[in-house]
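J.: Please read through the structure below; I'll follow up with questions.
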Amino acid sequence: MLGQWPSGVCVVTTVGPHGVHGMTASSFSSVSLDPPLVSVCLGNHLPSRALLGEAGKFAISFLGRDQADIGRRFAGQERDVKNRFAGLDWATTPNGCPVLTDAVAWLDCTVAHAYPGGDHTIFVGAVTDAALPRITSPLLFHSRNWGQIADPLPSSVNLTVDVAADDPLAGALRKAGARVRADGHCFEFSADDPPPPAAIRAAKESGATVIGYVPDAFDPDREDEVLASVAALTELGCDEIGCAESLVAPASPLQVRRVLQDAAARARPAVLRVRLSGDNRLALVNALVAMKSGVSHFDVVAPGSGSSGLPLGDLLHLSRQLEVAGPPDLAHIRE
């Protein structure tokens with residue numbers, strides 16, 4: 001019954017007379033913000049319970065969506081692993097406890113209270129240090145299964161359309177709430193050649209929307225560089241950050257997923273948008289993957305524009321099929 005309650009997953013670590021010790025736990029909770037207190041419940045039969053009580057300190061490493069193997073390892077589910085700590089990257093906290101260097105976050109704690117809780121002990125920890133090593137979605141545990149957060153579709157899509165400003169379609173798009181790129185209301189630049197901060201401030205003061213684009217954003221060999229560029233554009237104060245697909249190397253849906261899941265978190269509070277290539281046979285699949293990764297802003301191209309981006313009509317058709325709201329289908333203007 002209680003397994004129907006989903007939870008995050010963490011690794012609890014401490015130190016004892018024979019070295020470091022760790023275990024997987026899902027019974028973690030925030031207790032107080034001021035002072036910062038957290039709790040973790042450990043079974044009284046576990047060695048970790050006695051070691052933690054004797055040490056008077058512990059650390060929590062929150063696991064990311066790609067770390068189910070670590071969760072299984074520290075839960076004792078990988079029987080062939082003799083040393084749970086081997087082969088992983090660890091750092092030592094000021095209190096002397098090990099934490100995963102690639103955890104979503106970690107907390108360093110001293111034991112403030114220990115309460116009996118049936119066949120468990122409820123340890124309340126005072127948080128003395130904390131860090132966010134990386135930004136990604138969390139690992140979840142539900143009904144003895146490992147998973148991640150489900151990805152709802154956006155309620156609507158927002159479009160920026162490549163179309164001539166004097167084209168009749170442009171007027172209809174404006175009326176429908178889409179943005180026409182030729183209107184010049186945006187200050188766009190590439191992350192490879194960013195303008196000075198003064199230019200960005202001036203653009204904002206003029207009322208322009210500042211958009212920084214990361215070129216070739218879905219190249220698997222550039223993933224770390226792409227995510228670093230997204231973070232840098234956020235620091236520059238961009239209103240929107242665009243991930244642009246290469247025109248010569250088609251993006252795979254898997255790589256679009258990998259990049260956008262992490263980019264969406266790194267871009268906040270800026271809006272993340274996507275510019276996909278219309279020449280990719282998987283363009284609409286990639287658009288769906290982008291929506292499922294938290295993206296609702298797309299660059300598209302109008303019929304007859306001569307651009308190689310994702311066609312306006314195709315994205316509108318996809319949004320209708322998915323029951324995602326957007327501007328009405330305007331393809332009838334140019335049959």
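Residues are referred to by chain and number: the chain letter is A, B, ... according to the order shown in the structure tokens, the number counts from 1 in that chain, and ligands are numbered separately from 1 in the order shown.
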Could you name the residues that touch Val38 of chain A at 9 Å or less, counting only C-alpha atoms, but leaving out those on the same chain fewer than 3 positions away, as a PDB file with N, CA and C atoms, in the first residue's frame?

T.:
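The file below, selection22.pdb, is the result:
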ATOM      1  N   PHE A  28      13.163  10.357   3.032  1.00  0.00           N
ATOM      2  CA  PHE A  28      13.778  11.649   3.345  1.00  0.00           C
ATOM      3  C   PHE A  28      12.708  12.726   3.315  1.00  0.00           C
ATOM      4  N   SER A  29      12.867  13.734   4.163  1.00  0.00           N
ATOM      5  CA  SER A  29      11.890  14.825   4.168  1.00  0.00           C
ATOM      6  C   SER A  29      12.532  16.107   4.671  1.00  0.00           C
ATOM      7  N   SER A  30      12.058  17.216   4.149  1.00  0.00           N
ATOM      8  CA  SER A  30      12.420  18.525   4.687  1.00  0.00           C
ATOM      9  C   SER A  30      11.570  18.779   5.924  1.00  0.00           C
ATOM     10  N   VAL A  31      12.193  19.253   6.987  1.00  0.00           N
ATOM     11  CA  VAL A  31      11.494  19.481   8.250  1.00  0.00           C
ATOM     12  C   VAL A  31      11.296  20.971   8.516  1.00  0.00           C
ATOM     13  N   SER A  32      12.339  21.765   8.313  1.00  0.00           N
ATOM     14  CA  SER A  32      12.282  23.191   8.652  1.00  0.00           C
ATOM     15  C   SER A  32      13.215  23.972   7.740  1.00  0.00           C
ATOM     16  N   LEU A  33      12.806  25.207   7.422  1.00  0.00           N
ATOM     17  CA  LEU A  33      13.662  26.085   6.633  1.00  0.00           C
ATOM     18  C   LEU A  33      14.524  26.976   7.514  1.00  0.00           C
ATOM     19  N   CYS A 109      25.059  17.236   7.140  1.00  0.00           N
ATOM     20  CA  CYS A 109      24.211  17.376   8.327  1.00  0.00           C
ATOM     21  C   CYS A 109      24.889  16.847   9.585  1.00  0.00           C
ATOM     22  N   PHE A 123      15.909  10.213  12.244  1.00  0.00           N
ATOM     23  CA  PHE A 123      17.024  11.120  12.496  1.00  0.00           C
ATOM     24  C   PHE A 123      16.694  12.487  11.915  1.00  0.00           C
ATOM     25  N   VAL A 124      16.770  13.504  12.744  1.00  0.00           N
ATOM     26  CA  VAL A 124      16.604  14.884  12.291  1.00  0.00           C
ATOM     27  C   VAL A 124      17.994  15.496  12.202  1.00  0.00           C
ATOM     28  N   GLY A 125      18.328  15.989  11.026  1.00  0.00           N
ATOM     29  CA  GLY A 125      19.651  16.549  10.803  1.00  0.00           C
ATOM     30  C   GLY A 125      19.622  18.057  10.634  1.00  0.00           C
ATOM     31  N   ALA A 126      20.562  18.718  11.271  1.00  0.00           N
ATOM     32  CA  ALA A 126      20.754  20.152  11.061  1.00  0.00           C
ATOM     33  C   ALA A 126      21.699  20.335   9.873  1.00  0.00           C
ATOM     34  N   VAL A 127      21.228  21.011   8.843  1.00  0.00           N
ATOM     35  CA  VAL A 127      22.018  21.178   7.622  1.00  0.00           C
ATOM     36  C   VAL A 127      23.100  22.228   7.858  1.00  0.00           C
TER      37      VAL A 127
END

J.: Show me a table, sorted first by chain and then by increasing residue number, of the residues of segment 197-239 of chain A having an atom at most 12 Å from segment 281-299 of chain A, each with its shortest atom pair and the distance in Å to one decimal, counting only C-alpha atoms and written as a tab-separated table.

T.:
residue	atom	partner	partner_atom	distance
A:Ile211	CA	A:Asp299	CA	11.8
A:Tyr213	CA	A:Asp299	CA	11.3
A:Phe218	CA	A:Asn286	CA	10.7

J.: Return the single residue from A:Gly53, A:Pro36, A:Gly8, A:Pro196 that is closest to His142 of chain A, with distances computed using only C-alpha atoms.

T.: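 Counting only C-alpha atoms, the residue closest to His142 of chain A is A:Gly8.
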
J.: Using backbone DSSP assignments, extract all strand (DSSP E) residues from segment 41-257 of chain A; output them as a count of residues only.

T.: 71

J.: Could you check the closest approach to Ile122 of chain A for each of A:Pro195, A:Gly96, A:Gly43, A:Gly147 and tell me which residue wins, using only C-alpha atoms?

T.: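 Of A:Pro195, A:Gly96, A:Gly43, A:Gly147, the one nearest Ile122 of chain A, counting only C-alpha atoms, is A:Gly43.
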
J.: Atom CA of Pro94 of chain A and atom CA of Ala130 of chain A are how many Å apart?

T.: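 Distance between the two atoms: 10.1 Å.
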
J.: For segment 179-193 of chain A, please output as number ranges by chain all residues within 7 Å (counting only C-alpha atoms; exclusion window: fewer than 4 positions along the same chain).

T.: A: 159-165, 170, 174, 203, 208-215, 229

J.: When DSSP works through the backbone of this structure, what residues of segment 172-250 of chain A end up as helix (DSSP H, G or I), shown as a PDB file with N, CA, C and O atoms, in the first residue's frame?

T.:
ATOM      1  N   ALA A 172      -2.235  38.065 -40.789  1.00  0.00           N
ATOM      2  CA  ALA A 172      -3.086  37.073 -40.141  1.00  0.00           C
ATOM      3  C   ALA A 172      -2.384  36.449 -38.943  1.00  0.00           C
ATOM      4  O   ALA A 172      -3.012  36.167 -37.914  1.00  0.00           O
ATOM      5  N   LEU A 173      -1.069  36.252 -39.062  1.00  0.00           N
ATOM      6  CA  LEU A 173      -0.308  35.684 -37.947  1.00  0.00           C
ATOM      7  C   LEU A 173      -0.295  36.634 -36.752  1.00  0.00           C
ATOM      8  O   LEU A 173      -0.469  36.214 -35.607  1.00  0.00           O
ATOM      9  N   ARG A 174      -0.089  37.911 -37.022  1.00  0.00           N
ATOM     10  CA  ARG A 174      -0.093  38.890 -35.928  1.00  0.00           C
ATOM     11  C   ARG A 174      -1.439  38.886 -35.215  1.00  0.00           C
ATOM     12  O   ARG A 174      -1.515  38.905 -33.989  1.00  0.00           O
ATOM     13  N   LYS A 175      -2.494  38.848 -36.014  1.00  0.00           N
ATOM     14  CA  LYS A 175      -3.834  38.859 -35.433  1.00  0.00           C
ATOM     15  C   LYS A 175      -4.083  37.618 -34.590  1.00  0.00           C
ATOM     16  O   LYS A 175      -4.790  37.657 -33.574  1.00  0.00           O
ATOM     17  N   ALA A 176      -3.458  36.501 -34.989  1.00  0.00           N
ATOM     18  CA  ALA A 176      -3.646  35.242 -34.265  1.00  0.00           C
ATOM     19  C   ALA A 176      -2.759  35.144 -33.031  1.00  0.00           C
ATOM     20  O   ALA A 176      -2.883  34.206 -32.257  1.00  0.00           O
ATOM     21  N   ARG A 181       9.004  37.392 -37.310  1.00  0.00           N
ATOM     22  CA  ARG A 181      10.401  37.759 -37.097  1.00  0.00           C
ATOM     23  C   ARG A 181      10.778  39.035 -37.847  1.00  0.00           C
ATOM     24  O   ARG A 181      11.554  39.852 -37.345  1.00  0.00           O
ATOM     25  N   ALA A 182      10.229  39.228 -39.020  1.00  0.00           N
ATOM     26  CA  ALA A 182      10.597  40.389 -39.833  1.00  0.00           C
ATOM     27  C   ALA A 182      10.150  41.714 -39.217  1.00  0.00           C
ATOM     28  O   ALA A 182      10.588  42.775 -39.657  1.00  0.00           O
ATOM     29  N   ASP A 183       9.284  41.679 -38.224  1.00  0.00           N
ATOM     30  CA  ASP A 183       8.836  42.926 -37.591  1.00  0.00           C
ATOM     31  C   ASP A 183       9.941  43.607 -36.807  1.00  0.00           C
ATOM     32  O   ASP A 183       9.826  44.784 -36.454  1.00  0.00           O
ATOM     33  N   PRO A 197      27.450  43.363 -22.763  1.00  0.00           N
ATOM     34  CA  PRO A 197      26.289  43.575 -21.892  1.00  0.00           C
ATOM     35  C   PRO A 197      25.577  44.892 -22.139  1.00  0.00           C
ATOM     36  O   PRO A 197      24.351  44.976 -22.006  1.00  0.00           O
ATOM     37  N   ALA A 198      26.335  45.934 -22.509  1.00  0.00           N
ATOM     38  CA  ALA A 198      25.713  47.239 -22.750  1.00  0.00           C
ATOM     39  C   ALA A 198      24.728  47.170 -23.911  1.00  0.00           C
ATOM     40  O   ALA A 198      23.678  47.821 -23.882  1.00  0.00           O
ATOM     41  N   ALA A 199      25.049  46.375 -24.929  1.00  0.00           N
ATOM     42  CA  ALA A 199      24.149  46.239 -26.076  1.00  0.00           C
ATOM     43  C   ALA A 199      22.867  45.516 -25.680  1.00  0.00           C
ATOM     44  O   ALA A 199      21.776  45.844 -26.149  1.00  0.00           O
ATOM     45  N   ILE A 200      23.003  44.543 -24.811  1.00  0.00           N
ATOM     46  CA  ILE A 200      21.814  43.823 -24.336  1.00  0.00           C
ATOM     47  C   ILE A 200      20.934  44.740 -23.500  1.00  0.00           C
ATOM     48  O   ILE A 200      19.709  44.761 -23.645  1.00  0.00           O
ATOM     49  N   ARG A 201      21.562  45.536 -22.632  1.00  0.00           N
ATOM     50  CA  ARG A 201      20.783  46.482 -21.821  1.00  0.00           C
ATOM     51  C   ARG A 201      20.058  47.479 -22.707  1.00  0.00           C
ATOM     52  O   ARG A 201      18.883  47.808 -22.472  1.00  0.00           O
ATOM     53  N   ALA A 202      20.742  47.966 -23.742  1.00  0.00           N
ATOM     54  CA  ALA A 202      20.126  48.934 -24.644  1.00  0.00           C
ATOM     55  C   ALA A 202      18.939  48.310 -25.381  1.00  0.00           C
ATOM     56  O   ALA A 202      17.898  48.959 -25.571  1.00  0.00           O
ATOM     57  N   ALA A 203      19.088  47.051 -25.797  1.00  0.00           N
ATOM     58  CA  ALA A 203      17.991  46.378 -26.489  1.00  0.00           C
ATOM     59  C   ALA A 203      16.785  46.220 -25.576  1.00  0.00           C
ATOM     60  O   ALA A 203      15.642  46.448 -25.987  1.00  0.00           O
ATOM     61  N   LYS A 204      17.032  45.851 -24.337  1.00  0.00           N
ATOM     62  CA  LYS A 204      15.931  45.709 -23.383  1.00  0.00           C
ATOM     63  C   LYS A 204      15.243  47.047 -23.143  1.00  0.00           C
ATOM     64  O   LYS A 204      14.007  47.127 -23.061  1.00  0.00           O
ATOM     65  N   GLU A 205      16.036  48.102 -23.018  1.00  0.00           N
ATOM     66  CA  GLU A 205      15.463  49.427 -22.780  1.00  0.00           C
ATOM     67  C   GLU A 205      14.618  49.904 -23.946  1.00  0.00           C
ATOM     68  O   GLU A 205      13.669  50.680 -23.779  1.00  0.00           O
ATOM     69  N   PRO A 220      25.672  15.510 -30.416  1.00  0.00           N
ATOM     70  CA  PRO A 220      26.001  14.760 -29.203  1.00  0.00           C
ATOM     71  C   PRO A 220      27.420  14.988 -28.699  1.00  0.00           C
ATOM     72  O   PRO A 220      27.688  14.819 -27.512  1.00  0.00           O
ATOM     73  N   ASP A 221      28.323  15.390 -29.595  1.00  0.00           N
ATOM     74  CA  ASP A 221      29.702  15.641 -29.181  1.00  0.00           C
ATOM     75  C   ASP A 221      29.871  17.003 -28.503  1.00  0.00           C
ATOM     76  O   ASP A 221      30.930  17.287 -27.950  1.00  0.00           O
ATOM     77  N   ARG A 222      28.822  17.820 -28.537  1.00  0.00           N
ATOM     78  CA  ARG A 222      28.905  19.171 -27.960  1.00  0.00           C
ATOM     79  C   ARG A 222      27.953  19.357 -26.776  1.00  0.00           C
ATOM     80  O   ARG A 222      27.684  20.482 -26.368  1.00  0.00           O
ATOM     81  N   GLU A 223      27.443  18.276 -26.230  1.00  0.00           N
ATOM     82  CA  GLU A 223      26.386  18.397 -25.226  1.00  0.00           C
ATOM     83  C   GLU A 223      26.807  19.272 -24.040  1.00  0.00           C
ATOM     84  O   GLU A 223      26.072  20.174 -23.636  1.00  0.00           O
ATOM     85  N   ASP A 224      27.979  19.017 -23.477  1.00  0.00           N
ATOM     86  CA  ASP A 224      28.429  19.820 -22.333  1.00  0.00           C
ATOM     87  C   ASP A 224      28.620  21.282 -22.731  1.00  0.00           C
ATOM     88  O   ASP A 224      28.267  22.194 -21.974  1.00  0.00           O
ATOM     89  N   GLU A 225      29.164  21.491 -23.916  1.00  0.00           N
ATOM     90  CA  GLU A 225      29.376  22.856 -24.402  1.00  0.00           C
ATOM     91  C   GLU A 225      28.045  23.569 -24.617  1.00  0.00           C
ATOM     92  O   GLU A 225      27.903  24.763 -24.286  1.00  0.00           O
ATOM     93  N   VAL A 226      27.073  22.860 -25.157  1.00  0.00           N
ATOM     94  CA  VAL A 226      25.753  23.446 -25.387  1.00  0.00           C
ATOM     95  C   VAL A 226      25.107  23.862 -24.074  1.00  0.00           C
ATOM     96  O   VAL A 226      24.584  24.976 -23.932  1.00  0.00           O
ATOM     97  N   LEU A 227      25.137  22.985 -23.084  1.00  0.00           N
ATOM     98  CA  LEU A 227      24.517  23.306 -21.797  1.00  0.00           C
ATOM     99  C   LEU A 227      25.250  24.445 -21.101  1.00  0.00           C
ATOM    100  O   LEU A 227      24.622  25.289 -20.449  1.00  0.00           O
ATOM    101  N   ALA A 228      26.567  24.501 -21.275  1.00  0.00           N
ATOM    102  CA  ALA A 228      27.318  25.627 -20.719  1.00  0.00           C
ATOM    103  C   ALA A 228      26.924  26.928 -21.414  1.00  0.00           C
ATOM    104  O   ALA A 228      26.825  27.985 -20.776  1.00  0.00           O
ATOM    105  N   SER A 229      26.674  26.867 -22.718  1.00  0.00           N
ATOM    106  CA  SER A 229      26.251  28.059 -23.453  1.00  0.00           C
ATOM    107  C   SER A 229      24.881  28.533 -22.997  1.00  0.00           C
ATOM    108  O   SER A 229      24.630  29.736 -22.877  1.00  0.00           O
ATOM    109  N   VAL A 230      23.974  27.590 -22.735  1.00  0.00           N
ATOM    110  CA  VAL A 230      22.650  27.952 -22.227  1.00  0.00           C
ATOM    111  C   VAL A 230      22.782  28.681 -20.893  1.00  0.00           C
ATOM    112  O   VAL A 230      22.150  29.718 -20.659  1.00  0.00           O
ATOM    113  N   ALA A 231      23.624  28.141 -20.016  1.00  0.00           N
ATOM    114  CA  ALA A 231      23.835  28.785 -18.718  1.00  0.00           C
ATOM    115  C   ALA A 231      24.440  30.172 -18.885  1.00  0.00           C
ATOM    116  O   ALA A 231      24.059  31.120 -18.185  1.00  0.00           O
ATOM    117  N   ALA A 232      25.378  30.325 -19.824  1.00  0.00           N
ATOM    118  CA  ALA A 232      26.011  31.628 -20.054  1.00  0.00           C
ATOM    119  C   ALA A 232      25.003  32.640 -20.595  1.00  0.00           C
ATOM    120  O   ALA A 232      25.022  33.818 -20.208  1.00  0.00           O
ATOM    121  N   LEU A 233      24.108  32.207 -21.479  1.00  0.00           N
ATOM    122  CA  LEU A 233      23.082  33.110 -22.013  1.00  0.00           C
ATOM    123  C   LEU A 233      22.110  33.535 -20.921  1.00  0.00           C
ATOM    124  O   LEU A 233      21.621  34.665 -20.911  1.00  0.00           O
ATOM    125  N   THR A 234      21.831  32.627 -19.995  1.00  0.00           N
ATOM    126  CA  THR A 234      20.987  32.985 -18.857  1.00  0.00           C
ATOM    127  C   THR A 234      21.654  34.068 -18.028  1.00  0.00           C
ATOM    128  O   THR A 234      21.010  35.040 -17.612  1.00  0.00           O
ATOM    129  N   GLU A 235      22.961  33.918 -17.794  1.00  0.00           N
ATOM    130  CA  GLU A 235      23.699  34.917 -17.022  1.00  0.00           C
ATOM    131  C   GLU A 235      23.730  36.267 -17.736  1.00  0.00           C
ATOM    132  O   GLU A 235      23.752  37.318 -17.083  1.00  0.00           O
ATOM    133  N   LEU A 236      23.721  36.244 -19.065  1.00  0.00           N
ATOM    134  CA  LEU A 236      23.718  37.496 -19.826  1.00  0.00           C
ATOM    135  C   LEU A 236      22.395  38.248 -19.704  1.00  0.00           C
ATOM    136  O   LEU A 236      22.315  39.419 -20.045  1.00  0.00           O
TER     137      LEU A 236
END

J.: With distances taken over only C-alpha atoms, which of A:Gly278, A:Pro311, A:Pro194, A:Gly171 is nearest to Val248 of chain A?

T.: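 Nearest candidate to Val248 of chain A out of A:Gly278, A:Pro311, A:Pro194, A:Gly171: A:Gly278.
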
J.: Pick out the closest residue to Leu63 of chain A from this set: A:Leu42, A:Cys10, A:Leu88, A:Cys97. Count only C-alpha atoms.

T.: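 The closest residue to Leu63 of chain A is A:Cys10.
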